[in-house]
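Colleague: Just run.cif, nothing more (mmCIF, C-alpha atoms and all ligand atoms):
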```
data_protein
#
loop_
_atom_site.label_atom_id
_atom_site.label_comp_id
_atom_site.auth_asym_id
_atom_site.auth_seq_id
_atom_site.Cartn_x
_atom_site.Cartn_y
_atom_site.Cartn_z
CA MET O 28 -42.52 -55.59 -21.24
CA THR O 29 -44.97 -57.59 -19.15
CA ILE O 30 -44.15 -60.36 -16.70
CA ALA O 31 -45.64 -62.84 -19.17
CA GLU O 32 -43.30 -61.59 -21.91
CA HIS O 33 -40.28 -61.81 -19.61
CA LEU O 34 -41.31 -65.33 -18.66
CA ASP O 35 -41.54 -66.33 -22.32
CA ILE O 36 -38.01 -65.08 -22.91
CA VAL O 37 -36.62 -66.86 -19.84
CA ARG O 38 -38.31 -70.13 -20.84
CA GLN O 39 -36.86 -69.83 -24.33
CA GLN O 40 -33.40 -69.18 -22.86
CA ILE O 41 -33.77 -72.26 -20.66
CA ARG O 42 -34.76 -74.38 -23.67
CA ASN O 43 -31.87 -73.03 -25.73
CA ALA O 44 -29.33 -73.57 -22.96
CA ALA O 45 -30.59 -77.14 -22.45
CA SER O 46 -30.62 -78.10 -26.11
CA GLY O 47 -27.23 -76.43 -26.60
CA CYS O 48 -25.66 -78.92 -24.19
CA GLY O 49 -27.78 -81.93 -25.11
CA ARG O 50 -30.04 -81.85 -22.06
CA SER O 51 -33.81 -82.14 -21.96
CA ALA O 52 -35.48 -78.88 -20.87
CA GLU O 53 -38.06 -81.01 -19.03
CA LYS O 54 -35.38 -81.81 -16.48
CA ILE O 55 -35.03 -78.14 -15.57
CA ARG O 56 -37.63 -76.50 -13.36
CA LEU O 57 -37.99 -72.75 -13.14
CA VAL O 58 -38.42 -71.27 -9.67
CA ALA O 59 -39.72 -67.71 -10.04
CA VAL O 60 -38.18 -65.75 -7.18
CA SER O 61 -40.87 -63.35 -5.99
CA LYS O 62 -39.23 -61.79 -2.93
CA THR O 63 -40.21 -58.11 -2.53
CA LYS O 64 -42.71 -58.51 -5.39
CA SER O 65 -46.44 -58.03 -4.94
CA PRO O 66 -49.13 -60.72 -4.81
CA ALA O 67 -50.47 -59.20 -8.06
CA ASP O 68 -47.10 -59.83 -9.73
CA VAL O 69 -47.20 -63.43 -8.51
CA ASP O 70 -50.74 -63.89 -9.84
CA GLU O 71 -49.68 -62.42 -13.17
CA ALA O 72 -46.82 -64.90 -13.48
CA ALA O 73 -49.12 -67.74 -12.43
CA ALA O 74 -51.65 -66.70 -15.08
CA ALA O 75 -48.81 -67.00 -17.59
CA GLY O 76 -48.30 -70.61 -16.52
CA GLN O 77 -45.60 -70.26 -13.86
CA MET O 78 -46.07 -72.96 -11.20
CA ILE O 79 -43.23 -72.68 -8.67
CA PHE O 80 -42.39 -69.54 -6.71
CA GLY O 81 -39.44 -68.99 -4.39
CA GLU O 82 -39.48 -66.78 -1.31
CA ASN O 83 -36.72 -65.63 1.04
CA TYR O 84 -38.35 -64.00 4.04
CA VAL O 85 -40.83 -65.76 6.33
CA GLN O 86 -42.86 -62.69 7.29
CA GLU O 87 -43.21 -61.51 3.72
CA PHE O 88 -44.07 -65.00 2.51
CA ILE O 89 -46.78 -65.54 5.13
CA ALA O 90 -48.38 -62.21 4.26
CA LYS O 91 -48.18 -62.89 0.54
CA ILE O 92 -49.74 -66.34 0.45
CA THR O 93 -52.96 -65.02 1.97
CA GLN O 94 -53.25 -62.49 -0.87
CA VAL O 95 -52.34 -64.65 -3.84
CA HIS O 96 -55.29 -66.17 -5.67
CA SER O 97 -53.73 -68.69 -8.01
CA PRO O 98 -52.89 -72.26 -6.97
CA MET O 99 -49.13 -72.70 -6.92
CA GLU O 100 -46.20 -74.40 -5.30
CA TRP O 101 -43.87 -72.46 -2.98
CA HIS O 102 -40.21 -73.13 -2.30
CA PHE O 103 -38.31 -71.46 0.52
CA ILE O 104 -34.89 -70.38 -0.77
CA GLY O 105 -33.56 -67.85 1.76
CA HIS O 106 -31.62 -68.07 4.97
CA LEU O 107 -33.97 -69.62 7.53
CA GLN O 108 -33.94 -69.11 11.28
CA SER O 109 -35.03 -72.14 13.28
CA ASN O 110 -37.52 -70.14 15.33
CA LYS O 111 -39.44 -69.24 12.16
CA VAL O 112 -39.78 -72.75 10.74
CA ARG O 113 -43.06 -73.37 12.53
CA GLN O 114 -44.75 -70.59 10.55
CA ILE O 115 -44.02 -72.17 7.18
CA ALA O 116 -44.61 -75.82 8.10
CA GLY O 117 -46.63 -77.49 5.36
CA MET O 118 -46.77 -74.31 3.28
CA VAL O 119 -43.71 -74.93 1.14
CA THR O 120 -42.96 -78.07 -0.85
CA MET O 121 -39.21 -77.61 -0.75
CA ILE O 122 -36.62 -75.77 1.34
CA HIS O 123 -33.43 -75.06 -0.63
CA SER O 124 -31.40 -73.54 2.18
CA VAL O 125 -30.78 -76.20 4.84
CA ASP O 126 -27.21 -75.67 5.99
CA ARG O 127 -27.04 -76.96 9.56
CA LEU O 128 -28.31 -79.88 11.61
CA SER O 129 -30.17 -77.73 14.15
CA LEU O 130 -32.29 -76.25 11.36
CA ALA O 131 -32.98 -79.68 9.88
CA GLN O 132 -34.05 -80.94 13.31
CA GLU O 133 -36.52 -78.10 13.67
CA ILE O 134 -37.96 -78.70 10.18
CA ASP O 135 -38.29 -82.39 11.12
CA ARG O 136 -40.09 -81.45 14.32
CA GLN O 137 -42.50 -79.03 12.66
CA TRP O 138 -43.31 -81.20 9.65
CA GLY O 139 -43.71 -84.15 12.02
CA ARG O 140 -46.25 -82.17 13.99
CA ILE O 141 -48.48 -81.95 10.90
CA GLY O 142 -47.71 -85.50 9.81
CA LYS O 143 -45.90 -84.57 6.61
CA VAL O 144 -42.48 -84.92 5.01
CA CYS O 145 -40.54 -81.90 3.71
CA ASP O 146 -38.29 -82.10 0.66
CA ILE O 147 -35.05 -80.26 1.27
CA LEU O 148 -31.80 -79.34 -0.42
CA VAL O 149 -28.57 -78.89 1.47
CA GLN O 150 -27.02 -75.50 0.76
CA VAL O 151 -23.29 -75.63 0.15
CA ASN O 152 -21.01 -72.61 0.17
CA VAL O 153 -18.66 -73.83 -2.55
CA SER O 154 -16.86 -70.51 -2.87
CA GLY O 155 -16.03 -70.32 0.84
CA GLU O 156 -17.11 -66.65 0.94
CA THR O 157 -17.61 -65.82 4.61
CA THR O 158 -20.70 -63.72 3.87
CA LYS O 159 -22.59 -66.65 2.36
CA SER O 160 -24.70 -69.26 4.14
CA GLY O 161 -24.10 -72.90 3.49
CA THR O 162 -22.15 -75.81 4.82
CA THR O 163 -18.69 -76.44 3.40
CA GLY O 164 -18.02 -79.07 0.79
CA ALA O 165 -15.90 -80.91 3.36
CA ASP O 166 -18.71 -81.01 5.94
CA ALA O 167 -21.57 -81.74 3.53
CA THR O 168 -21.42 -85.54 3.63
CA ALA O 169 -21.44 -85.75 7.43
CA LEU O 170 -24.30 -83.24 7.62
CA ILE O 171 -26.31 -85.19 5.05
CA GLN O 172 -25.69 -88.43 6.91
CA ALA O 173 -27.03 -86.86 10.10
CA ILE O 174 -30.06 -85.27 8.39
CA SER O 175 -30.90 -88.50 6.58
CA LYS O 176 -31.86 -90.08 9.91
CA LEU O 177 -34.64 -87.53 10.46
CA PRO O 178 -37.98 -89.10 9.44
CA HIS O 179 -39.85 -86.00 8.26
CA LEU O 180 -37.23 -84.71 5.86
CA ARG O 181 -36.25 -86.03 2.48
CA ILE O 182 -32.94 -84.86 1.02
CA ARG O 183 -33.33 -84.35 -2.72
CA GLY O 184 -30.04 -82.70 -3.64
CA LEU O 185 -27.84 -79.64 -3.22
CA MET O 186 -28.13 -75.88 -3.65
CA THR O 187 -25.49 -73.21 -4.03
CA MET O 188 -25.11 -69.47 -4.55
CA PRO O 189 -21.77 -68.59 -6.10
CA PRO O 190 -20.23 -65.14 -5.69
CA PHE O 191 -21.81 -62.47 -7.86
CA TYR O 192 -19.87 -61.76 -11.05
CA ASP O 193 -20.72 -59.51 -13.99
CA GLU O 194 -19.26 -62.23 -16.17
CA PRO O 195 -21.40 -65.41 -15.72
CA GLU O 196 -18.61 -67.61 -17.03
CA ARG O 197 -16.74 -66.98 -13.78
CA ALA O 198 -19.46 -68.75 -11.81
CA ARG O 199 -18.95 -71.95 -13.81
CA PRO O 200 -16.28 -73.53 -11.56
CA PHE O 201 -18.62 -73.24 -8.57
CA PHE O 202 -21.51 -74.90 -10.40
CA ARG O 203 -19.16 -77.63 -11.56
CA GLU O 204 -17.93 -78.09 -8.01
CA LEU O 205 -21.50 -78.53 -6.70
CA LYS O 206 -22.26 -81.13 -9.35
CA HIS O 207 -19.05 -82.97 -8.52
CA LEU O 208 -19.93 -82.90 -4.82
CA ALA O 209 -23.41 -84.30 -5.55
CA GLU O 210 -21.86 -87.15 -7.53
CA THR O 211 -19.44 -87.89 -4.71
CA ILE O 212 -22.25 -87.94 -2.13
CA ALA O 213 -24.45 -90.09 -4.39
CA LYS O 214 -21.71 -92.73 -4.39
CA GLU O 215 -22.05 -93.04 -0.61
CA HIS O 216 -25.55 -94.52 -1.14
CA ILE O 217 -26.89 -93.01 2.06
CA PRO O 218 -30.33 -94.54 2.66
CA GLY O 219 -33.18 -92.20 1.75
CA VAL O 220 -30.89 -89.59 0.21
CA SER O 221 -31.22 -88.59 -3.42
CA MET O 222 -28.85 -86.27 -5.25
CA GLU O 223 -31.09 -85.76 -8.27
CA GLU O 224 -31.70 -82.03 -7.75
CA LEU O 225 -29.13 -79.27 -8.22
CA SER O 226 -30.51 -75.81 -7.41
CA MET O 227 -28.12 -73.36 -9.01
CA GLY O 228 -28.27 -70.41 -11.39
CA MET O 229 -29.95 -67.01 -11.04
CA SER O 230 -30.86 -64.27 -13.54
CA GLY O 231 -27.27 -63.48 -14.44
CA ASP O 232 -25.86 -66.98 -14.76
CA PHE O 233 -28.61 -69.60 -15.18
CA GLU O 234 -27.52 -70.61 -18.68
CA VAL O 235 -24.05 -71.52 -17.41
CA ALA O 236 -25.66 -73.36 -14.47
CA ILE O 237 -27.83 -75.37 -16.88
CA GLN O 238 -24.74 -76.33 -18.87
CA GLU O 239 -23.26 -77.60 -15.60
CA GLY O 240 -26.31 -79.67 -14.66
CA ALA O 241 -28.82 -77.43 -12.83
CA THR O 242 -32.27 -78.99 -12.37
CA LEU O 243 -33.77 -76.01 -10.52
CA VAL O 244 -32.94 -72.45 -11.58
CA ARG O 245 -33.99 -69.61 -9.26
CA ILE O 246 -34.79 -66.53 -11.29
CA GLY O 247 -36.17 -63.25 -10.00
CA THR O 248 -34.96 -60.11 -11.77
CA ALA O 249 -35.23 -61.52 -15.30
CA ILE O 250 -38.94 -62.25 -14.69
CA PHE O 251 -40.16 -59.51 -12.36
CA GLY O 252 -37.63 -56.72 -13.04
CA GLU O 253 -35.23 -55.04 -10.63
CA ARG O 254 -35.99 -55.16 -6.91
C1 LIG F 301 -32.91 -63.33 -4.83
C2 LIG F 301 -32.45 -64.72 -5.02
C3 LIG F 301 -32.45 -65.32 -6.30
C4 LIG F 301 -32.87 -64.61 -7.57
O1 LIG F 301 -31.91 -63.66 -7.95
P1 LIG F 301 -32.06 -62.85 -9.33
O2 LIG F 301 -30.68 -62.38 -9.60
O3 LIG F 301 -33.03 -61.76 -9.08
O4 LIG F 301 -32.54 -63.79 -10.37
C5 LIG F 301 -32.06 -66.65 -6.38
N1 LIG F 301 -31.67 -67.35 -5.30
C6 LIG F 301 -31.64 -66.80 -4.08
C7 LIG F 301 -31.21 -67.65 -2.92
C8 LIG F 301 -32.02 -65.48 -3.90
O5 LIG F 301 -31.96 -64.95 -2.67
#
```
Take the structure from the file and write it as structure tokens.
Ligand SMILES: *Cc1c(COP(=O)(O)O)cnc(C)c1O

Modeller:
Amino acid sequence: MTIAEHLDIVRQQIRNAASGCGRSAEKIRLVAVSKTKSPADVDEAAAAGQMIFGENYVQEFIAKITQVHSPMEWHFIGHLQSNKVRQIAGMVTMIHSVDRLSLAQEIDRQWGRIGKVCDILVQVNVSGETTKSGTTGADATALIQAISKLPHLRIRGLMTMPPFYDEPERARPFFRELKHLAETIAKEHIPGVSMEELSMGMSGDFEVAIQEGATLVRIGTAIFGER
């Protein structure tokens, strides 16, 4: 099957999952995760109408954008080292993986340098797995309060990566927990902070994530095949 055919299937699955729980599919944006995939694969997906692509590695991303021909929007979704932020300043419209103040400060500095504002999501490690990035649920509010004072960042919501399970149903409590946390933080009415975006759900569990309120699903394998 081609990338275009895979994309059609994924879009249909998103629509079905949304309508199955009474949500509008328009509220759910698909981020095609293109890490390790070639610029030609990205162009093929773009030709099939895909608009947003997610990348994990700065070096790979920088190399790829010079070789991709289609106009598109890039999101950075992987663990980000502060000393690499400068290289992606202005090149991504959203960073999903902000999990510490020092990183937010560097994004603020680099986007400030080019006179722009970066949309970000705060990554929360809801499962508490020690191998995963992300702030804890308990620390999230304080972190968001601190980040909200930075002028060149705009907090749009939360992101999480639950543990990997063969059975997607097992990820549900973590998606639900993220949604609950977003609602709790929204009630704080922190100036400039919006909790409208929930980035959760990957190839194996995006339908469950949509049922639990995902607005951004990050899907790689189901579109581009195994890495
Ligand atoms: C790789 C990756 C994805 C996509 O995973 P698939 O299982 O291939 O859909 C989503 N989010 C993050 C943060 C990733 O690193």

Colleague: Ligand LIG 301 (chain F): which residues are within 6 Å, counting only C-alpha atoms and all ligand atoms? Reply as a compact mmCIF listing (two decimals) with C-alpha atoms, in the frame of the given file.

Modeller:
```
# COMPACT_ATOMS: atom_id res chain seq x y z
CA VAL O 60 -38.18 -65.75 -7.18
CA ILE O 104 -34.89 -70.38 -0.77
CA GLY O 105 -33.56 -67.85 1.76
CA MET O 229 -29.95 -67.01 -11.04
CA SER O 230 -30.86 -64.27 -13.54
CA ARG O 245 -33.99 -69.61 -9.26
CA ILE O 246 -34.79 -66.53 -11.29
CA GLY O 247 -36.17 -63.25 -10.00
CA THR O 248 -34.96 -60.11 -11.77
```

Colleague: Determine the axis-aligned bounding box of all atoms of region 132-142 of chain O present in the file, pad each side by 8 Å, and express its centre and edge lengths in Å to one decimal place as AutoDock Vina command-line options.

Modeller:
```
--center_x -41.3 --center_y -81.8 --center_z 12.0 --size_x 30.4 --size_y 23.4 --size_z 20.7
```

Colleague: Pick the closest to Glu239 (chain O) from O:Arg181, O:Lys214, O:His123, O:Arg50: which is it, counting only C-alpha atoms?

Modeller: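 Closest to Glu239 (chain O), using only C-alpha atoms: O:Arg50.
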
Colleague: Just checking: using only C-alpha atoms, which residue out of O:Gln238, O:Gln86, O:Thr120, O:Thr163 ends up closest to Glu196 (chain O)?

Modeller: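 Selected residue with least distance to Glu196 (chain O): O:Gln238.
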
Colleague: So that I can see what lies close to Met99 (chain O), please list as number ranges by chain the residues with an atom at most 12 Å from it, counting all atoms listed in the file and leaving out residues fewer than 5 positions away in the same chain.

Modeller: O: 58-59, 69-70, 72-74, 76-81, 92, 118-120

Colleague: Excluding Ala52 (chain O) and residues on its chain fewer than 4 positions from it, collect all residues at most 7 Å away from it, counting only C-alpha atoms, and give them as a PyMOL selection string.

Modeller: chain O and resi 41-42+45

Colleague: Can you pull out every residue within 12 Å of region 108-111 of chain O, counting all atoms listed in the file, but drop anything in the same chain fewer than 4 positions away, and send it as number ranges by chain?

Modeller: O: 83-86, 88-89, 103, 115-116, 124-137, 160

Colleague: Kindly indicate which residue among O:Met222, O:Val149, O:Ala213, O:Ile250 lies nearest to Ala167 (chain O), using only C-alpha atoms for the distances.

Modeller: O:Val149

Colleague: Using all atoms listed in the file, which residues sit within 12 Å of His216 (chain O) once same-chain residues fewer than 5 positions away are excluded, as number ranges by chain?

Modeller: O: 168, 171-172, 175, 209-211, 221-222

Colleague: May I ask for the distance between CA of Met121 (chain O) and CA of His102 (chain O), given in Å to one decimal place?

Modeller: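 Separation of CA of Met121 (chain O) and CA of His102 (chain O): 4.8 Å.
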
Colleague: Between CA of Ser154 (chain O) and CA of Met186 (chain O), what distance in Å does the model show, to one decimal?

Modeller: 12.5 Å

Colleague: If we draw a sphere of 6 Å around (-39.0, -63.0, -16.0), which residues have at least one atom in it when counting only C-alpha atoms? Please report them as a PyMOL selection string.

Modeller: chain O and resi 30+33-34+37+249-251

Colleague: Could you list, as JSON, numbers by chain, every residue within 9 Å of Met188 (chain O), counting only C-alpha atoms and ignoring same-chain residues fewer than 6 positions away?

Modeller: {"O": [150, 151, 152, 153, 154, 159, 160, 161, 201, 202, 226, 227, 228, 229]}

Colleague: Just add N, CA and C atoms to region 61-94 of chain O and send it as an mmCIF file, keeping the file's coordinate frame.

Modeller:
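Output saved as part.cif:
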```cif
data_model
loop_
_atom_site.group_PDB
_atom_site.id
_atom_site.type_symbol
_atom_site.label_atom_id
_atom_site.label_comp_id
_atom_site.auth_asym_id
_atom_site.auth_seq_id
_atom_site.Cartn_x
_atom_site.Cartn_y
_atom_site.Cartn_z
ATOM 1 N N SER O 61 -39.922 -64.470 -6.104
ATOM 2 C CA SER O 61 -40.870 -63.350 -5.990
ATOM 3 C C SER O 61 -40.645 -62.484 -4.759
ATOM 4 N N LYS O 62 -39.489 -62.626 -4.110
ATOM 5 C CA LYS O 62 -39.230 -61.790 -2.930
ATOM 6 C C LYS O 62 -39.348 -60.308 -3.287
ATOM 7 N N THR O 63 -39.923 -59.557 -2.404
ATOM 8 C CA THR O 63 -40.210 -58.110 -2.530
ATOM 9 C C THR O 63 -41.253 -57.779 -3.597
ATOM 10 N N LYS O 64 -41.730 -58.773 -4.329
ATOM 11 C CA LYS O 64 -42.710 -58.510 -5.390
ATOM 12 C C LYS O 64 -44.131 -58.710 -4.854
ATOM 13 N N SER O 65 -45.083 -58.047 -5.469
ATOM 14 C CA SER O 65 -46.440 -58.030 -4.940
ATOM 15 C C SER O 65 -47.202 -59.308 -5.262
ATOM 16 N N PRO O 66 -48.262 -59.588 -4.484
ATOM 17 C CA PRO O 66 -49.130 -60.720 -4.810
ATOM 18 C C PRO O 66 -49.684 -60.606 -6.233
ATOM 19 N N ALA O 67 -49.954 -59.381 -6.694
ATOM 20 C CA ALA O 67 -50.470 -59.200 -8.060
ATOM 21 C C ALA O 67 -49.437 -59.656 -9.093
ATOM 22 N N ASP O 68 -48.164 -59.371 -8.824
ATOM 23 C CA ASP O 68 -47.100 -59.830 -9.730
ATOM 24 C C ASP O 68 -47.058 -61.368 -9.763
ATOM 25 N N VAL O 69 -47.223 -61.964 -8.589
ATOM 26 C CA VAL O 69 -47.200 -63.430 -8.510
ATOM 27 C C VAL O 69 -48.384 -64.006 -9.289
ATOM 28 N N ASP O 70 -49.554 -63.423 -9.108
ATOM 29 C CA ASP O 70 -50.740 -63.890 -9.840
ATOM 30 C C ASP O 70 -50.555 -63.731 -11.348
ATOM 31 N N GLU O 71 -49.900 -62.650 -11.734
ATOM 32 C CA GLU O 71 -49.680 -62.420 -13.170
ATOM 33 C C GLU O 71 -48.771 -63.508 -13.751
ATOM 34 N N ALA O 72 -47.722 -63.842 -13.012
ATOM 35 C CA ALA O 72 -46.820 -64.900 -13.480
ATOM 36 C C ALA O 72 -47.537 -66.247 -13.497
ATOM 37 N N ALA O 73 -48.372 -66.486 -12.482
ATOM 38 C CA ALA O 73 -49.120 -67.740 -12.430
ATOM 39 C C ALA O 73 -50.096 -67.842 -13.600
ATOM 40 N N ALA O 74 -50.716 -66.713 -13.944
ATOM 41 C CA ALA O 74 -51.650 -66.700 -15.080
ATOM 42 C C ALA O 74 -50.914 -67.020 -16.379
ATOM 43 N N ALA O 75 -49.626 -66.700 -16.409
ATOM 44 C CA ALA O 75 -48.810 -67.000 -17.590
ATOM 45 C C ALA O 75 -48.213 -68.405 -17.513
ATOM 46 N N GLY O 76 -48.688 -69.207 -16.566
ATOM 47 C CA GLY O 76 -48.300 -70.610 -16.520
ATOM 48 C C GLY O 76 -47.179 -70.951 -15.551
ATOM 49 N N GLN O 77 -46.677 -69.959 -14.811
ATOM 50 C CA GLN O 77 -45.600 -70.260 -13.860
ATOM 51 C C GLN O 77 -46.165 -71.013 -12.652
ATOM 52 N N MET O 78 -45.525 -72.104 -12.261
ATOM 53 C CA MET O 78 -46.070 -72.960 -11.200
ATOM 54 C C MET O 78 -45.331 -72.853 -9.872
ATOM 55 N N ILE O 79 -44.012 -72.660 -9.918
ATOM 56 C CA ILE O 79 -43.230 -72.680 -8.670
ATOM 57 C C ILE O 79 -42.690 -71.279 -8.380
ATOM 58 N N PHE O 80 -42.882 -70.852 -7.134
ATOM 59 C CA PHE O 80 -42.390 -69.540 -6.710
ATOM 60 C C PHE O 80 -41.453 -69.720 -5.522
ATOM 61 N N GLY O 81 -40.411 -68.910 -5.472
ATOM 62 C CA GLY O 81 -39.440 -68.990 -4.390
ATOM 63 C C GLY O 81 -39.484 -67.731 -3.547
ATOM 64 N N GLU O 82 -39.466 -67.915 -2.238
ATOM 65 C CA GLU O 82 -39.480 -66.780 -1.310
ATOM 66 C C GLU O 82 -38.322 -66.877 -0.333
ATOM 67 N N ASN O 83 -37.887 -65.698 0.158
ATOM 68 C CA ASN O 83 -36.720 -65.630 1.040
ATOM 69 C C ASN O 83 -37.014 -65.267 2.487
ATOM 70 N N TYR O 84 -38.102 -64.558 2.711
ATOM 71 C CA TYR O 84 -38.350 -64.000 4.040
ATOM 72 C C TYR O 84 -39.673 -64.516 4.574
ATOM 73 N N VAL O 85 -39.644 -65.094 5.778
ATOM 74 C CA VAL O 85 -40.830 -65.760 6.330
ATOM 75 C C VAL O 85 -42.006 -64.804 6.454
ATOM 76 N N GLN O 86 -41.751 -63.632 7.053
ATOM 77 C CA GLN O 86 -42.860 -62.690 7.290
ATOM 78 C C GLN O 86 -43.526 -62.287 5.981
ATOM 79 N N GLU O 87 -42.687 -61.940 5.015
ATOM 80 C CA GLU O 87 -43.210 -61.510 3.720
ATOM 81 C C GLU O 87 -43.979 -62.654 3.045
ATOM 82 N N PHE O 88 -43.437 -63.834 3.136
ATOM 83 C CA PHE O 88 -44.070 -65.000 2.510
ATOM 84 C C PHE O 88 -45.448 -65.266 3.103
ATOM 85 N N ILE O 89 -45.517 -65.260 4.440
ATOM 86 C CA ILE O 89 -46.780 -65.540 5.130
ATOM 87 C C ILE O 89 -47.848 -64.515 4.737
ATOM 88 N N ALA O 90 -47.430 -63.252 4.658
ATOM 89 C CA ALA O 90 -48.380 -62.210 4.260
ATOM 90 C C ALA O 90 -48.829 -62.417 2.817
ATOM 91 N N LYS O 91 -47.892 -62.795 1.976
ATOM 92 C CA LYS O 91 -48.180 -62.890 0.540
ATOM 93 C C LYS O 91 -49.137 -64.033 0.204
ATOM 94 N N ILE O 92 -48.918 -65.183 0.845
ATOM 95 C CA ILE O 92 -49.740 -66.340 0.450
ATOM 96 C C ILE O 92 -51.222 -66.119 0.729
ATOM 97 N N THR O 93 -51.536 -65.258 1.696
ATOM 98 C CA THR O 93 -52.960 -65.020 1.970
ATOM 99 C C THR O 93 -53.579 -64.120 0.895
ATOM 100 N N GLN O 94 -52.727 -63.451 0.127
ATOM 101 C CA GLN O 94 -53.250 -62.490 -0.870
ATOM 102 C C GLN O 94 -53.150 -62.977 -2.305
#
```
